[in-house]
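Peer 1: Contents are compact mmCIF, C-alpha atoms and all ligand atoms; file name query-v5.txt:
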# COMPACT_ATOMS: atom_id res chain seq x y z
CA MET W 1 29.12 1.18 -3.63
CA LYS W 2 29.52 -2.50 -2.84
CA LEU W 3 27.41 -4.73 -5.06
CA LEU W 4 26.12 -7.98 -3.71
CA PRO W 5 24.49 -10.73 -5.74
CA PHE W 6 22.25 -11.54 -2.76
CA SER W 7 21.07 -9.29 -0.02
CA ARG W 8 22.52 -10.07 3.37
CA ALA W 9 19.00 -9.68 4.67
CA ARG W 10 17.43 -12.10 2.27
CA LYS W 11 15.97 -14.95 4.27
CA ALA W 12 15.67 -18.57 3.27
CA THR W 13 11.85 -18.38 3.28
CA ALA W 14 10.36 -19.40 -0.05
CA ARG W 15 8.96 -16.19 -1.52
CA PRO W 16 5.59 -15.81 -3.15
CA ASN W 17 5.48 -15.37 -6.87
CA ILE W 18 5.30 -11.61 -7.54
CA ARG W 19 3.13 -11.32 -10.61
CA PRO W 20 1.38 -8.10 -11.66
CA GLN W 21 -2.28 -8.43 -12.52
CA ARG W 22 -4.43 -5.82 -14.20
CA MET W 23 -7.85 -6.20 -12.59
CA GLY W 24 -9.98 -3.85 -14.71
CA PHE W 25 -12.21 -2.72 -11.81
CA GLU W 26 -15.13 -0.49 -12.60
CA PHE W 27 -16.48 1.54 -9.71
CA ARG W 28 -19.92 3.01 -10.31
CA PRO W 29 -20.42 6.02 -8.00
CA GLU W 30 -24.11 5.24 -7.53
CA ALA W 31 -23.36 1.64 -6.55
CA VAL W 32 -20.81 2.43 -3.83
CA PRO W 33 -22.27 3.50 -0.48
CA ARG W 34 -20.86 6.80 0.75
CA TYR W 35 -19.61 5.10 3.92
CA TRP W 36 -18.58 1.85 2.33
CA CYS W 37 -16.62 0.56 5.32
CA ASN W 38 -19.00 -0.60 8.04
CA ASN W 39 -21.14 2.48 7.46
CA ASP W 40 -18.40 4.26 9.42
CA PRO W 41 -17.46 7.74 8.10
CA VAL W 42 -14.12 7.86 9.93
CA LEU W 43 -12.78 4.48 8.80
CA THR W 44 -14.14 4.97 5.28
CA HIS W 45 -12.57 8.40 4.86
CA PHE W 46 -9.28 7.22 6.38
CA LEU W 47 -9.09 4.55 3.66
CA ASN W 48 -10.28 7.06 1.03
CA ALA W 49 -7.48 9.44 2.05
CA LEU W 50 -4.94 6.62 1.79
CA SER W 51 -6.24 5.79 -1.66
CA MET W 52 -5.71 9.42 -2.72
CA SER W 53 -2.03 9.11 -1.79
CA PHE W 54 -1.48 5.90 -3.76
CA PRO W 55 -1.21 6.91 -7.45
CA ASP W 56 1.71 9.30 -6.86
CA GLY W 57 3.10 7.55 -3.79
CA GLU W 58 3.43 4.23 -5.55
CA GLN W 59 5.07 5.91 -8.55
CA PHE W 60 7.64 7.28 -6.10
CA PHE W 61 8.25 3.74 -4.79
CA VAL W 62 8.72 2.45 -8.34
CA ASP W 63 11.16 5.22 -9.27
CA SER W 64 13.28 4.74 -6.17
CA VAL W 65 13.58 0.99 -6.75
CA ARG W 66 14.21 1.38 -10.49
CA HIS W 67 17.14 3.70 -9.74
CA PHE W 68 19.10 0.87 -8.08
CA ARG W 69 17.90 -2.22 -9.90
CA HIS W 70 21.10 -2.35 -11.99
CA THR W 71 22.99 -3.27 -8.79
CA VAL W 72 21.20 -6.62 -8.59
CA THR W 73 22.85 -9.45 -10.49
CA ASP W 74 20.63 -12.29 -9.28
CA GLU W 75 18.04 -13.30 -11.89
CA THR W 76 15.29 -14.23 -9.43
CA ARG W 77 15.61 -10.91 -7.68
CA GLN W 78 15.51 -9.07 -11.00
CA LYS W 79 12.25 -10.90 -11.70
CA ASP W 80 10.94 -9.89 -8.26
CA ILE W 81 11.83 -6.26 -8.97
CA SER W 82 9.97 -6.40 -12.29
CA GLY W 83 7.01 -7.92 -10.42
CA PHE W 84 7.17 -5.16 -7.80
CA ILE W 85 7.24 -2.41 -10.43
CA GLY W 86 4.37 -4.01 -12.35
CA GLN W 87 2.23 -4.53 -9.25
CA GLU W 88 2.69 -0.97 -7.99
CA ALA W 89 1.91 0.41 -11.45
CA MET W 90 -1.37 -1.59 -11.44
CA HIS W 91 -2.21 -0.31 -7.94
CA SER W 92 -1.73 3.27 -9.09
CA LEU W 93 -4.01 2.64 -12.05
CA GLU W 94 -6.84 0.88 -10.17
CA HIS W 95 -6.75 3.35 -7.27
CA LYS W 96 -6.97 6.19 -9.76
CA GLY W 97 -10.24 4.63 -10.88
CA PHE W 98 -11.37 4.42 -7.25
CA ASN W 99 -10.39 8.07 -6.69
CA ASP W 100 -12.33 9.10 -9.82
CA MET W 101 -15.34 7.37 -8.29
CA LEU W 102 -14.88 9.42 -5.09
CA ALA W 103 -14.66 12.58 -7.19
CA ALA W 104 -17.92 11.66 -8.91
CA GLN W 105 -19.54 11.10 -5.51
CA GLY W 106 -19.00 14.79 -4.73
CA TYR W 107 -15.42 14.86 -3.45
CA ALA W 108 -13.84 16.19 -6.67
CA GLU W 109 -12.25 19.26 -5.11
CA LEU W 110 -10.73 17.33 -2.21
CA THR W 111 -9.59 14.48 -4.44
CA ASP W 112 -7.80 17.02 -6.66
CA LYS W 113 -6.24 18.78 -3.68
CA ALA W 114 -5.13 15.56 -1.98
CA THR W 115 -3.60 14.05 -5.10
CA GLY W 116 -1.90 17.42 -5.77
CA VAL W 117 -0.41 17.45 -2.25
CA ALA W 118 0.74 13.82 -2.60
CA ARG W 119 2.41 14.71 -5.91
CA HIS W 120 4.05 17.76 -4.34
CA LEU W 121 5.38 15.72 -1.39
CA CYS W 122 6.80 13.08 -3.74
CA ASN W 123 8.42 15.73 -5.96
CA GLU W 124 9.96 17.41 -2.91
CA GLY W 125 11.29 14.01 -1.84
CA ARG W 126 12.85 13.53 -5.28
CA LYS W 127 14.44 17.01 -5.14
CA ARG W 128 15.65 17.05 -1.56
CA LEU W 129 16.61 13.44 -0.83
CA SER W 130 19.43 11.41 -2.29
CA PRO W 131 18.36 8.33 -4.31
CA ARG W 132 19.55 6.20 -1.38
CA ALA W 133 17.37 8.14 1.09
CA GLN W 134 14.41 7.89 -1.31
CA LEU W 135 14.82 4.12 -1.36
CA ALA W 136 15.08 4.10 2.45
CA VAL W 137 11.77 5.98 2.68
CA THR W 138 10.21 3.54 0.19
CA ALA W 139 11.41 0.52 2.21
CA GLY W 140 9.91 2.06 5.36
CA LEU W 141 6.58 2.93 3.76
CA GLU W 142 6.42 -0.52 2.23
CA HIS W 143 6.59 -1.88 5.78
CA ILE W 144 3.57 0.25 6.67
CA THR W 145 1.55 -0.90 3.64
CA ALA W 146 2.53 -4.51 4.40
CA ILE W 147 1.35 -4.37 8.03
CA LEU W 148 -1.89 -2.63 7.05
CA ALA W 149 -2.39 -5.36 4.43
CA ASN W 150 -1.70 -8.00 7.06
CA THR W 151 -4.27 -6.40 9.37
CA ILE W 152 -6.92 -6.39 6.64
CA LEU W 153 -6.30 -10.02 5.70
CA LYS W 154 -6.01 -11.50 9.15
CA GLN W 155 -9.28 -9.97 10.33
CA PRO W 156 -11.99 -11.42 8.07
CA GLU W 157 -14.55 -9.28 9.93
CA LEU W 158 -12.80 -6.15 8.67
CA LEU W 159 -13.10 -7.38 5.10
CA GLU W 160 -16.73 -8.32 5.69
CA GLN W 161 -17.43 -4.77 6.82
CA MET W 162 -16.37 -3.44 3.43
CA ASP W 163 -19.09 -3.10 0.84
CA PRO W 164 -18.76 -5.81 -1.86
CA SER W 165 -18.57 -3.08 -4.52
CA VAL W 166 -15.08 -2.07 -3.35
CA ARG W 167 -13.94 -4.92 -1.07
CA ILE W 168 -12.06 -6.74 -3.82
CA LEU W 169 -9.88 -3.67 -4.56
CA TRP W 170 -8.59 -3.62 -0.98
CA LEU W 171 -8.27 -7.39 -0.84
CA TRP W 172 -6.28 -7.54 -4.09
CA HIS W 173 -4.04 -4.63 -3.07
CA ALA W 174 -3.42 -6.16 0.38
CA ILE W 175 -2.39 -9.52 -1.10
CA GLU W 176 0.08 -7.95 -3.49
CA GLU W 177 1.56 -5.70 -0.79
CA ILE W 178 2.37 -8.85 1.17
CA GLU W 179 3.76 -10.64 -1.89
CA HIS W 180 6.31 -7.91 -2.61
CA LYS W 181 6.90 -6.65 0.95
CA ALA W 182 10.64 -7.42 0.96
CA VAL W 183 11.66 -6.19 -2.50
CA ALA W 184 12.48 -2.57 -1.63
CA PHE W 185 13.85 -3.59 1.78
CA ASP W 186 16.30 -6.13 0.34
CA LEU W 187 17.48 -3.68 -2.28
CA TYR W 188 18.01 -1.00 0.34
CA LYS W 189 19.94 -3.38 2.60
CA ASP W 190 22.24 -4.16 -0.33
CA ILE W 191 23.27 -0.57 -0.78
CA ASP W 192 23.18 0.47 2.88
CA PRO W 193 23.25 -2.22 5.54
CA GLY W 194 23.42 0.44 8.29
CA TYR W 195 20.70 0.99 10.86
CA ARG W 196 20.39 4.75 11.44
CA LYS W 197 19.38 5.92 7.99
CA ARG W 198 16.92 3.05 7.60
CA VAL W 199 15.16 4.00 10.84
CA ARG W 200 15.38 7.76 10.34
CA SER W 201 13.84 7.47 6.88
CA PHE W 202 11.14 5.16 8.20
CA LEU W 203 10.15 7.69 10.86
CA THR W 204 10.23 10.59 8.38
CA GLY W 205 8.06 8.66 5.91
CA SER W 206 5.68 7.69 8.71
CA LEU W 207 5.28 11.31 9.75
CA GLY W 208 4.56 12.36 6.16
CA LEU W 209 1.93 9.64 5.79
CA LEU W 210 0.40 10.47 9.18
CA PHE W 211 0.19 14.16 8.27
CA PHE W 212 -1.35 13.42 4.90
CA SER W 213 -3.87 10.79 5.99
CA SER W 214 -5.09 12.63 9.08
CA ALA W 215 -5.39 15.96 7.23
CA TYR W 216 -7.45 14.48 4.39
CA THR W 217 -9.51 12.16 6.60
CA TRP W 218 -10.54 15.25 8.55
CA ARG W 219 -11.23 17.34 5.43
CA LEU W 220 -13.42 14.62 3.95
CA LEU W 221 -15.32 14.33 7.24
CA LYS W 222 -15.70 18.10 7.40
CA GLN W 223 -17.13 18.25 3.91
CA ASP W 224 -19.82 15.82 5.11
CA GLY W 225 -20.54 18.09 8.09
CA MET W 226 -19.39 15.41 10.53
CA GLN W 227 -18.14 18.06 12.95
CA ARG W 228 -21.82 18.47 13.80
CA HIS W 229 -22.07 14.81 14.81
CA PRO W 230 -19.54 14.50 17.63
CA LEU W 231 -20.89 11.15 18.82
CA LYS W 232 -20.52 9.52 15.40
CA LEU W 233 -17.06 11.07 15.09
CA ALA W 234 -15.99 9.84 18.52
CA ARG W 235 -17.24 6.30 17.86
CA GLY W 236 -15.46 6.13 14.48
CA GLY W 237 -12.33 7.76 15.89
CA LEU W 238 -12.24 5.20 18.69
CA ARG W 239 -12.60 2.31 16.25
CA LEU W 240 -9.84 3.66 14.01
CA GLY W 241 -7.64 4.37 17.04
CA ARG W 242 -8.11 0.79 18.31
CA LEU W 243 -7.22 -0.56 14.88
CA LEU W 244 -4.05 1.53 14.64
CA VAL W 245 -2.98 0.65 18.19
CA SER W 246 -3.39 -3.05 17.33
CA VAL W 247 -0.88 -2.57 14.48
CA LEU W 248 1.63 -0.74 16.69
CA PRO W 249 3.77 -3.77 17.73
CA GLU W 250 4.22 -4.74 14.05
CA TYR W 251 4.98 -1.12 13.19
CA LEU W 252 7.66 -0.91 15.89
CA ASP W 253 9.21 -4.19 14.75
CA TYR W 254 10.91 -2.20 11.97
CA LEU W 255 13.08 -0.57 14.64
CA ARG W 256 14.64 -3.93 15.57
CA PRO W 257 18.23 -3.96 14.23
CA GLY W 258 17.92 -7.44 12.65
CA PHE W 259 14.43 -6.84 11.24
CA HIS W 260 13.41 -8.43 7.95
CA PRO W 261 9.89 -8.27 6.40
CA TRP W 262 9.72 -12.07 6.07
CA ASP W 263 10.40 -12.59 9.78
CA ASP W 264 6.61 -12.64 9.76
CA ASP W 265 5.87 -15.41 7.28
CA ASN W 266 2.25 -14.63 6.44
CA ARG W 267 2.10 -16.35 3.06
CA ALA W 268 -0.86 -18.44 4.28
CA LEU W 269 -3.00 -15.28 4.20
CA ILE W 270 -2.29 -14.85 0.50
CA ALA W 271 -3.26 -18.44 -0.24
CA ARG W 272 -6.55 -18.00 1.66
CA TYR W 273 -7.79 -15.21 -0.62
CA LYS W 274 -5.96 -15.67 -3.90
CA GLU W 275 -8.79 -17.55 -5.60
CA GLN W 276 -11.31 -14.81 -4.77
CA VAL W 277 -9.07 -12.25 -6.40
CA GLU W 278 -8.44 -14.36 -9.48
CA ALA W 279 -12.18 -14.76 -9.95
CA ALA W 280 -12.60 -10.97 -9.90
CA VAL W 281 -10.23 -10.26 -12.81
CA ALA W 282 -12.15 -8.59 -15.66
CA PRO W 283 -12.55 -11.04 -18.59
CA GLN W 284 -10.33 -8.99 -20.92
CA TYR W 285 -7.40 -9.33 -18.47
CA ARG W 286 -7.73 -13.05 -17.76
CA LYS W 287 -4.94 -15.24 -18.95
CA VAL W 288 -6.29 -17.98 -21.20
CA ALA W 289 -4.93 -21.40 -20.22
CA PRO W 290 -3.20 -23.12 -23.14
CA ILE W 291 -5.32 -25.86 -24.70
CA ALA W 292 -3.78 -29.30 -24.20
CA ALA W 293 -2.88 -31.06 -27.45
FE FE H 301 0.76 -0.87 -3.75
FE FE H 302 3.96 -1.91 -2.21
Mind converting the file's structure to structure tokens?
Ligand SMILES: [Fe+2]
Ligand SMILES: [Fe+2]

Peer 2:
Amino acid sequence: MKLLPFSRARKATARPNIRPQRMGFEFRPEAVPRYWCNNDPVLTHFLNALSMSFPDGEQFFVDSVRHFRHTVTDETRQKDISGFIGQEAMHSLEHKGFNDMLAAQGYAELTDKATGVARHLCNEGRKRLSPRAQLAVTAGLEHITAILANTILKQPELLEQMDPSVRILWLWHAIEEIEHKAVAFDLYKDIDPGYRKRVRSFLTGSLGLLFFSSAYTWRLLKQDGMQRHPLKLARGGLRLGRLLVSVLPEYLDYLRPGFHPWDDDNRALIARYKEQVEAAVAPQYRKVAPIAA
């Protein structure tokens, strides 16, 4: 294995500071509307299903990056990797709280099943794929989380449609996904600058996520008896479909041979919302500014 102090893919763009932040969210089941995203069952359950994949999925990302971090000699990049690991660990933790809220709202059985399936898929990945392939899948899925985050942040109306009781979770997660979007990619490019495995793993990971999210979106809808409301289903399905189609060009960008996550420099989106997120940190997790002498 050839070790490089800097990734060939690492661009000159100044990178955001990747700093983990424990938020300490508390989701009260009675305070969160059942269809918290625009009163739309389809979009809400799509995001709920994604949330159910996060605790185990993000642990998989962390493990695959940790496996290769010893190959990085650059201090700044080591700091970025620590930031990445810390941020994903916080996402797992806060989304677990969100998933517990869903369970308390009456989706306990499905939440258990979905998190069990996500765990099983990750464990199979660990067993069947080489560490290099696991990192390739992580880099690909990180592209998907980064473009979904970009979509959420660049469409203020989408954020507005989320109920304030949960909006900040998605806003915070989206910001951090953008902040660390190149960490796994750069590491992967260091150990395998080739094209085929990167793309193959991206498509495999995409299929897994598509299978998981559509299966559990549908099961959540079915539990609510939505199959008896075809019009509502069709309207929500159309909205979700339009949203996913709008992300397609960014999704396909990953197939470009010279692709790098920071080709799209969207740091301005982070700056726009950072203050809102900082204000939402629970008091016990706020950093106290040092008192000037
Ligand atoms: Fe995350
Ligand atoms: Fe991430």

Peer 1: Check which residues of chain W sit at most 10 Å from ligand FE 302 (chain H) using all atoms listed in the file, and return one row each with the closest pair of atoms and their distance in Å to one decimal, ordered by chain and rising number, as CSV.

Peer 2:
residue,atom,partner,partner_atom,distance
W:Phe54,CA,H:FE302,FE,9.6
W:Gly57,CA,H:FE302,FE,9.6
W:Glu58,CA,H:FE302,FE,7.0
W:Phe61,CA,H:FE302,FE,7.5
W:Val62,CA,H:FE302,FE,8.9
W:Phe84,CA,H:FE302,FE,7.2
W:Ile85,CA,H:FE302,FE,8.9
W:Gln87,CA,H:FE302,FE,7.7
W:Glu88,CA,H:FE302,FE,6.0
W:Ala89,CA,H:FE302,FE,9.7
W:His91,CA,H:FE302,FE,8.6
W:Thr138,CA,H:FE302,FE,8.6
W:Ala139,CA,H:FE302,FE,9.0
W:Leu141,CA,H:FE302,FE,8.1
W:Glu142,CA,H:FE302,FE,5.3
W:His143,CA,H:FE302,FE,8.4
W:Ile144,CA,H:FE302,FE,9.1
W:Thr145,CA,H:FE302,FE,6.4
W:Ala146,CA,H:FE302,FE,7.2
W:Ala149,CA,H:FE302,FE,9.8
W:His173,CA,H:FE302,FE,8.5
W:Ala174,CA,H:FE302,FE,8.9
W:Ile175,CA,H:FE302,FE,10.0
W:Glu176,CA,H:FE302,FE,7.3
W:Glu177,CA,H:FE302,FE,4.7
W:Ile178,CA,H:FE302,FE,7.9
W:Glu179,CA,H:FE302,FE,8.7
W:His180,CA,H:FE302,FE,6.5
W:Lys181,CA,H:FE302,FE,6.4
W:Ala182,CA,H:FE302,FE,9.2
W:Val183,CA,H:FE302,FE,8.8
W:Ala184,CA,H:FE302,FE,8.6

Peer 1: With 8 Å of padding per side, what axis-aligned box (centre and edge lengths, Å, one decimal) covers all the listed atoms of range 98-114 of chain W? Give it as lines of an AutoDock Vina configuration file.

Peer 2:
center_x = -12.3
center_y = 11.8
center_z = -5.9
size_x = 30.4
size_y = 30.8
size_z = 23.8

Peer 1: Could you jot down the CA of Gly86 in chain W to atom FE of ligand FE 301 (chain H) separation for me, Å, one decimal place?

Peer 2: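 Atom FE of ligand FE 301 (chain H) lies 9.8 Å from CA of Gly86 in chain W.
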
Peer 1: If we count only C-alpha atoms and set the cut-off at 12 Å, which residues sit around range 116-120 of chain W, ignoring sequence neighbours fewer than 5 positions away in its own chain? Please answer as an NGL selection string.

Peer 2: :W and (49-60 or 109-111 or 125-128 or 208-209 or 211-213 or 215-216)

Peer 1: May I have the selected residues written with C-alpha atoms, as a tab-separated table (two decimals), in the frame of the given file?

Peer 2:
chain	number	residue	atom	x	y	z
W	49	ALA	CA	-7.48	9.44	2.05
W	50	LEU	CA	-4.94	6.62	1.79
W	51	SER	CA	-6.24	5.79	-1.66
W	52	MET	CA	-5.71	9.42	-2.72
W	53	SER	CA	-2.03	9.11	-1.79
W	54	PHE	CA	-1.48	5.90	-3.76
W	55	PRO	CA	-1.21	6.91	-7.45
W	56	ASP	CA	1.71	9.30	-6.86
W	57	GLY	CA	3.10	7.55	-3.79
W	58	GLU	CA	3.43	4.23	-5.55
W	59	GLN	CA	5.07	5.91	-8.55
W	60	PHE	CA	7.64	7.28	-6.10
W	109	GLU	CA	-12.25	19.26	-5.11
W	110	LEU	CA	-10.73	17.33	-2.21
W	111	THR	CA	-9.59	14.48	-4.44
W	125	GLY	CA	11.29	14.01	-1.84
W	126	ARG	CA	12.85	13.53	-5.28
W	127	LYS	CA	14.44	17.01	-5.14
W	128	ARG	CA	15.65	17.05	-1.56
W	208	GLY	CA	4.56	12.36	6.16
W	209	LEU	CA	1.93	9.64	5.79
W	211	PHE	CA	0.19	14.16	8.27
W	212	PHE	CA	-1.35	13.42	4.90
W	213	SER	CA	-3.87	10.79	5.99
W	215	ALA	CA	-5.39	15.96	7.23
W	216	TYR	CA	-7.45	14.48	4.39

Peer 1: Could you give me, as a list of chain:residue names, the residues within 6 Å of range 36-46 of chain W, counting only C-alpha atoms and dropping anything in the same chain fewer than 4 positions from it?

Peer 2: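 What passes the distance filter is W:Gln161, W:Met162, W:Asp163, W:Thr217, W:Gly236.
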
Peer 1: Please produce, as a Markdown table, a per-residue contact table for range 8-70 of chain W versus range 266-277 of chain W (criterion: any atom at most 12 Å away, all atoms listed in the file considered), showing the nearest atom pair and its distance in Å to one decimal, sorted by chain then residue number.

Peer 2:
| residue | atom | partner | partner_atom | distance |
| --- | --- | --- | --- | --- |
| W:Thr13 | CA | W:Arg267 | CA | 10.0 |
| W:Ala14 | CA | W:Arg267 | CA | 9.3 |
| W:Arg15 | CA | W:Arg267 | CA | 8.2 |
| W:Pro16 | CA | W:Arg267 | CA | 7.1 |
| W:Asn17 | CA | W:Arg267 | CA | 10.5 |
| W:Ile18 | CA | W:Ile270 | CA | 11.5 |
| W:Gln21 | CA | W:Val277 | CA | 9.9 |
| W:Arg22 | CA | W:Val277 | CA | 11.1 |
| W:Met23 | CA | W:Val277 | CA | 8.7 |
| W:Gly24 | CA | W:Val277 | CA | 11.9 |
| W:Phe25 | CA | W:Val277 | CA | 11.4 |

Peer 1: Which distance in Å separates CA of Pro33 in chain W and CA of Pro164 in chain W, to one decimal?

Peer 2: 10.0 Å

Peer 1: Under the rule that only C-alpha atoms are counted, which of W:Val32, W:His67, W:Arg19, W:Leu221 is the nearest residue to Ser130 in chain W?

Peer 2: W:His67

Peer 1: Neighbours of His70 in chain W within 12 Å (all atoms listed in the file; same-chain residues fewer than 2 positions away dropped), as a PyMOL selection string?

Peer 2: chain W and resi 3-5+65-68+72-75+77-78+81-82+187+190-191

Peer 1: Please indicate the distance in Å from CA of Lys113 in chain W to CA of Asn48 in chain W, rounded to one decimal place.

Peer 2: 13.3 Å

Peer 1: Return the single residue from W:Leu255, W:Leu102, W:Cys122, W:Met90 that is closest to Arg196 in chain W, with distances computed using only C-alpha atoms.

Peer 2: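 Using only C-alpha atoms, the shortest distance to Arg196 in chain W belongs to W:Leu255.
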
Peer 1: Rank nothing, just name the residue among W:Asp112, W:Glu30, W:Glu94, W:Glu160 nearest to ligand FE 301 (chain H), using all atoms listed in the file.

Peer 2: W:Glu94
